[in-house]
file upload.txt (compact mmCIF, C-alpha atoms)
# COMPACT_ATOMS: atom_id res chain seq x y z
CA MET A 14 9.00 -53.34 -28.15
CA VAL A 15 10.15 -56.76 -26.87
CA GLN A 16 6.51 -57.86 -26.91
CA ASP A 17 6.22 -56.69 -30.55
CA ILE A 18 9.32 -58.69 -31.55
CA THR A 19 8.15 -61.78 -29.66
CA SER A 20 4.74 -61.55 -31.33
CA LEU A 21 6.32 -61.28 -34.79
CA ILE A 22 8.64 -64.21 -34.08
CA ASN A 23 5.66 -66.34 -33.06
CA GLN A 24 3.84 -65.31 -36.24
CA ILE A 25 6.88 -66.27 -38.33
CA LYS A 26 7.06 -69.68 -36.65
CA SER A 27 3.40 -70.44 -37.36
CA GLU A 28 3.22 -68.86 -40.83
CA ASN A 29 2.94 -71.20 -43.83
CA ASP A 30 3.10 -68.49 -46.51
CA ILE A 31 6.78 -68.00 -47.43
CA PHE A 32 6.20 -64.44 -48.61
CA GLN A 33 4.53 -63.44 -45.33
CA LYS A 34 7.46 -65.04 -43.48
CA TYR A 35 9.88 -63.09 -45.65
CA ARG A 36 8.07 -59.79 -45.02
CA ARG A 37 8.06 -60.24 -41.25
CA ILE A 38 11.69 -61.31 -41.17
CA ASP A 39 12.67 -58.39 -43.40
CA TYR A 40 10.78 -56.02 -41.09
CA LEU A 41 12.58 -57.36 -38.00
CA ILE A 42 15.96 -57.01 -39.68
CA ARG A 43 15.40 -53.57 -41.22
CA GLU A 44 13.20 -51.84 -38.64
CA LYS A 45 14.10 -53.61 -35.40
CA LYS A 46 17.78 -53.92 -36.36
CA LEU A 47 18.02 -57.62 -35.51
CA ARG A 48 21.00 -59.47 -36.93
CA ILE A 49 20.25 -62.51 -39.08
CA ILE A 50 22.12 -64.86 -36.76
CA ASP A 51 20.28 -63.58 -33.68
CA LEU A 52 16.91 -63.75 -35.42
CA ALA A 53 17.64 -67.29 -36.64
CA SER A 54 18.37 -68.50 -33.13
CA LYS A 55 15.21 -66.82 -31.75
CA ILE A 56 13.02 -68.40 -34.42
CA GLY A 57 14.80 -71.74 -34.40
CA TYR A 58 15.87 -71.56 -38.05
CA LYS A 59 19.31 -71.78 -39.56
CA SER A 60 20.70 -68.43 -40.68
CA SER A 61 21.05 -69.85 -44.22
CA TYR A 62 17.27 -70.41 -44.31
CA ILE A 63 16.71 -66.79 -43.27
CA CYS A 64 18.95 -65.73 -46.16
CA HIS A 65 16.94 -67.94 -48.56
CA LEU A 66 13.77 -66.22 -47.38
CA LEU A 67 15.34 -62.78 -47.81
CA ARG A 68 16.15 -63.59 -51.45
CA LEU A 69 12.39 -63.73 -52.06
CA LYS A 70 12.44 -59.92 -52.14
CA LYS A 71 13.55 -59.97 -55.76
CA ILE A 72 10.91 -62.41 -57.04
CA PRO A 73 8.78 -60.70 -59.74
CA ASP A 74 5.04 -60.32 -59.15
CA VAL A 75 4.08 -62.68 -61.98
CA VAL A 76 6.06 -65.49 -60.29
CA ILE A 77 4.51 -64.66 -56.91
CA ASP A 78 1.09 -64.93 -58.56
CA GLY A 79 2.11 -68.37 -59.83
CA TYR A 80 2.95 -69.42 -56.28
CA TYR A 81 -0.40 -68.23 -54.92
CA SER A 82 -2.30 -69.88 -57.76
CA LYS A 83 -0.40 -73.10 -56.95
CA SER A 84 1.16 -73.24 -60.42
CA ILE A 85 4.60 -73.66 -58.83
CA SER A 86 5.79 -74.75 -55.40
CA SER A 87 7.76 -72.87 -52.78
CA SER A 88 10.75 -75.07 -53.68
CA HIS A 89 10.58 -73.76 -57.25
CA ILE A 90 10.46 -70.22 -55.84
CA TYR A 91 13.56 -70.76 -53.69
CA VAL A 92 15.48 -72.12 -56.66
CA LEU A 93 14.34 -69.26 -58.92
CA SER A 94 15.43 -66.74 -56.28
CA ARG A 95 19.04 -67.74 -56.94
CA LEU A 96 18.81 -65.75 -60.18
CA SER A 97 19.48 -62.04 -59.89
CA ASP A 98 17.74 -60.85 -63.05
CA SER A 99 13.94 -60.68 -62.98
CA LYS A 100 13.72 -61.24 -66.77
CA GLN A 101 15.64 -64.50 -66.36
CA MET A 102 13.31 -65.48 -63.53
CA ILE A 103 10.22 -64.78 -65.62
CA ASN A 104 11.61 -66.66 -68.64
CA LEU A 105 12.45 -69.67 -66.51
CA TYR A 106 9.10 -69.45 -64.70
CA GLU A 107 7.33 -69.64 -68.06
CA LYS A 108 9.49 -72.64 -69.00
CA ILE A 109 8.57 -74.31 -65.71
CA LEU A 110 4.89 -73.88 -66.51
CA VAL A 111 5.07 -74.90 -70.17
CA GLU A 112 7.36 -77.90 -69.71
CA ASN A 113 6.09 -78.84 -66.22
CA TYR A 114 9.59 -78.77 -64.68
CA THR A 115 10.28 -80.59 -61.46
CA VAL A 116 12.33 -78.83 -58.80
CA LYS A 117 15.39 -80.82 -59.89
CA GLN A 118 14.91 -79.74 -63.52
CA THR A 119 14.50 -76.16 -62.31
CA GLU A 120 17.78 -76.42 -60.38
CA SER A 121 19.55 -77.63 -63.52
CA ALA A 122 18.06 -74.78 -65.56
CA VAL A 123 19.12 -72.20 -62.95
CA ARG A 124 22.62 -73.70 -62.85
CA GLU A 125 22.78 -73.45 -66.63
CA VAL A 126 21.76 -69.78 -66.53
CA LEU A 127 24.16 -68.92 -63.70
CA TYR A 128 27.22 -70.83 -64.84
CA GLN A 129 26.52 -71.52 -68.53
CA VAL A 130 27.11 -75.21 -67.79
CA LYS A 131 24.70 -78.04 -68.56
CA SER A 132 24.27 -80.78 -65.99
CA ILE A 133 25.16 -83.66 -68.26
CA GLY A 134 27.47 -86.58 -67.78
CA LYS A 135 28.27 -88.65 -64.74
CA TYR A 136 30.53 -88.27 -61.76
CA ILE A 137 33.79 -90.21 -61.64
CA ASN A 138 33.09 -93.07 -59.29
CA LYS A 139 34.88 -93.41 -55.97
CA GLU A 140 36.82 -96.47 -57.13
CA ASN A 141 38.39 -94.55 -60.04
CA THR A 142 39.31 -91.56 -57.89
CA GLU A 143 40.94 -93.88 -55.35
CA LYS A 144 42.93 -95.63 -58.09
CA LEU A 145 44.12 -92.30 -59.47
CA THR A 146 45.06 -91.09 -55.99
CA GLU A 147 47.01 -94.30 -55.29
CA LYS A 148 48.86 -94.04 -58.61
CA ILE A 149 49.95 -90.48 -57.89
CA LYS A 150 50.89 -91.38 -54.29
CA GLU A 151 53.19 -94.15 -55.57
CA LYS A 152 55.29 -91.61 -57.45
CA TYR A 153 54.81 -88.72 -54.99
CA PRO A 154 54.14 -90.04 -51.48
CA GLU A 155 54.62 -86.56 -49.99
CA LEU A 156 51.55 -85.18 -51.81
CA ASN A 157 48.13 -84.71 -50.28
CA ILE A 158 45.67 -85.34 -53.09
CA GLN A 159 42.07 -84.20 -53.33
CA ILE A 160 39.72 -84.84 -56.22
CA ILE A 161 36.55 -82.75 -56.13
CA GLN A 162 33.79 -82.92 -58.69
CA THR A 163 30.60 -80.87 -58.71
CA ARG A 164 27.98 -80.33 -61.37
CA ILE A 165 29.75 -77.22 -62.61
CA LYS A 166 33.46 -77.98 -62.19
CA GLY A 167 36.08 -80.53 -61.30
CA LYS A 168 39.29 -80.00 -59.33
CA VAL A 169 42.39 -82.04 -58.66
CA ILE A 170 44.35 -80.55 -55.78
CA LEU A 171 47.92 -81.65 -55.30
CA GLU A 172 49.35 -80.22 -52.11
CA VAL A 173 52.96 -80.59 -51.03
CA LYS A 174 53.96 -79.50 -47.56
CA GLY A 175 57.48 -78.32 -46.96
CA ASP A 176 59.82 -75.48 -47.59
CA LEU A 177 60.30 -73.82 -50.96
CA GLU A 178 63.13 -76.13 -51.91
CA LYS A 179 61.04 -79.26 -51.40
CA SER A 180 57.84 -77.88 -52.94
CA THR A 181 59.65 -76.43 -55.96
CA LYS A 182 61.34 -79.77 -56.65
CA VAL A 183 58.02 -81.68 -56.52
CA ILE A 184 56.11 -79.11 -58.58
CA LYS A 185 58.80 -79.06 -61.29
CA SER A 186 58.78 -82.85 -61.38
CA ILE A 187 55.00 -82.92 -61.85
CA LEU A 188 55.20 -80.26 -64.57
CA GLU A 189 57.79 -82.33 -66.42
CA LEU A 190 55.42 -85.29 -66.43
CA ILE A 191 52.66 -83.17 -67.95
CA LYS A 192 54.88 -81.92 -70.78
call {"tool": "encode", "arguments": {"input": "upload.txt", "output": "structure tokens"}}
result
Amino acid sequence: MVQDITSLINQIKSENDIFQKYRRIDYLIREKKLRIIDLASKIGYKSSYICHLLRLKKIPDVVIDGYYSKSISSSHIYVLSRLSDSKQMINLYEKILVENYTVKQTESAVREVLYQVKSIGKYINKENTEKLTEKIKEKYPELNIQIIQTRIKGKVILEVKGDLEKSTKVIKSILELIK
């Protein structure tokens, strides 16, 4: 049995076909009861990569055919696998073919489907976030301030450490400014 597992692991390491890799990994996890983290360390992959490969299970046959006919790349496949609905995958696959999407364009399209958010606009530059942070710190030096911006959301985290009396006072003061 150990020989069988070692042989499969060696096959996974040398395999270039992502679907064959997925099938062998899936077999080792389901049939040989290997945990993802243990398998990842034996193969020399990160466990997140194993999880990406396992998502390939839900890729529709028409998209798999596109991969084998070299109509789309493995990177496109990985991005498409983020979608859970096969109809959405097929629709986006067709769009990739018709409009010749790059991987980056495919990522944006998947993000739009998943979060109903378009990737438009620009990030606030570091200089502006630092200015804003400094301005808030002048009035509230006890605050820890974090400004986070991704393609799908933005957050401003104002954290005050202290007991309820202190935190309530600061929070009420900030709320008054907003009014």
call {"tool": "closest_residue", "arguments": {"input": "upload.txt", "among": "A:Ile149, A:Leu21, A:Leu52, A:Ile160", "to": "Arg37 (chain A)", "atoms": "only C-alpha atoms"}}
result
A:Leu21
call {"tool": "residues_around", "arguments": {"input": "upload.txt", "residues": "Tyr114 (chain A)", "least_positions_apart": "6", "cutoff": "12 Å", "atoms": "only C-alpha atoms", "output": "count of residues only"}}
result
14
call {"tool": "atom_distance", "arguments": {"input": "upload.txt", "atom1": "CA of Val130 (chain A)", "atom2": "CA of Ile103 (chain A)"}}
result
20.0 Å
call {"tool": "atom_distance", "arguments": {"input": "upload.txt", "atom1": "CA of Asn29 (chain A)", "atom2": "CA of Ser97 (chain A)"}}
result
24.8 Å
call {"tool": "closest_residue", "arguments": {"input": "upload.txt", "among": "A:Leu156, A:Leu145, A:Val183, A:Leu47", "to": "Leu171 (chain A)", "atoms": "all atoms listed in the file"}}
result
A:Leu156
call {"tool": "closest_atom_pairs", "arguments": {"input": "upload.txt", "of": "region 51-162 of chain A", "to": "region 31-35 of chain A", "cutoff": "10 Å", "atoms": "only C-alpha atoms", "output": "tab-separated table"}}
result
residue	atom	partner	partner_atom	distance
A:Ile63	CA	A:Tyr35	CA	8.1
A:Cys64	CA	A:Tyr35	CA	9.5
A:His65	CA	A:Tyr35	CA	9.0
A:Leu66	CA	A:Tyr35	CA	5.3
A:Leu67	CA	A:Tyr35	CA	5.9
A:Arg68	CA	A:Tyr35	CA	8.6
A:Leu69	CA	A:Tyr35	CA	6.9
A:Lys70	CA	A:Tyr35	CA	7.7
A:Ile72	CA	A:Phe32	CA	9.9
A:Ile77	CA	A:Phe32	CA	8.5
A:Tyr80	CA	A:Phe32	CA	9.7
A:Tyr81	CA	A:Phe32	CA	9.9
A:Ser87	CA	A:Ile31	CA	7.3
A:Ile90	CA	A:Ile31	CA	9.4
A:Tyr91	CA	A:Ile31	CA	9.6
call {"tool": "write_last_selection", "arguments": {"input": "upload.txt", "atoms": "C-alpha atoms", "output": "PDB file, in the coordinates of the input"}}
result
ATOM      1  CA  ILE A  63      16.710 -66.790 -43.270  1.00  0.00           C
ATOM      2  CA  CYS A  64      18.950 -65.730 -46.160  1.00  0.00           C
ATOM      3  CA  HIS A  65      16.940 -67.940 -48.560  1.00  0.00           C
ATOM      4  CA  LEU A  66      13.770 -66.220 -47.380  1.00  0.00           C
ATOM      5  CA  LEU A  67      15.340 -62.780 -47.810  1.00  0.00           C
ATOM      6  CA  ARG A  68      16.150 -63.590 -51.450  1.00  0.00           C
ATOM      7  CA  LEU A  69      12.390 -63.730 -52.060  1.00  0.00           C
ATOM      8  CA  LYS A  70      12.440 -59.920 -52.140  1.00  0.00           C
ATOM      9  CA  ILE A  72      10.910 -62.410 -57.040  1.00  0.00           C
ATOM     10  CA  ILE A  77       4.510 -64.660 -56.910  1.00  0.00           C
ATOM     11  CA  TYR A  80       2.950 -69.420 -56.280  1.00  0.00           C
ATOM     12  CA  TYR A  81      -0.400 -68.230 -54.920  1.00  0.00           C
ATOM     13  CA  SER A  87       7.760 -72.870 -52.780  1.00  0.00           C
ATOM     14  CA  ILE A  90      10.460 -70.220 -55.840  1.00  0.00           C
ATOM     15  CA  TYR A  91      13.560 -70.760 -53.690  1.00  0.00           C
TER      16      TYR A  91
END
call {"tool": "closest_residue", "arguments": {"input": "upload.txt", "among": "A:Lys117, A:Lys71, A:Lys26, A:Lys152", "to": "Lys55 (chain A)", "atoms": "all atoms listed in the file"}}
result
A:Lys26
call {"tool": "residues_around", "arguments": {"input": "upload.txt", "residues": "Gln162 (chain A)", "least_positions_apart": "2", "cutoff": "12 Å", "atoms": "all atoms listed in the file", "output": "tab-separated table (two decimals) with C-alpha atoms, in the frame of the given file"}}
result
chain	number	residue	atom	x	y	z
A	134	GLY	CA	27.47	-86.58	-67.78
A	135	LYS	CA	28.27	-88.65	-64.74
A	136	TYR	CA	30.53	-88.27	-61.76
A	137	ILE	CA	33.79	-90.21	-61.64
A	138	ASN	CA	33.09	-93.07	-59.29
A	139	LYS	CA	34.88	-93.41	-55.97
A	142	THR	CA	39.31	-91.56	-57.89
A	159	GLN	CA	42.07	-84.20	-53.33
A	160	ILE	CA	39.72	-84.84	-56.22
A	164	ARG	CA	27.98	-80.33	-61.37
A	165	ILE	CA	29.75	-77.22	-62.61
A	166	LYS	CA	33.46	-77.98	-62.19
A	167	GLY	CA	36.08	-80.53	-61.30
A	168	LYS	CA	39.29	-80.00	-59.33
A	169	VAL	CA	42.39	-82.04	-58.66
A	170	ILE	CA	44.35	-80.55	-55.78
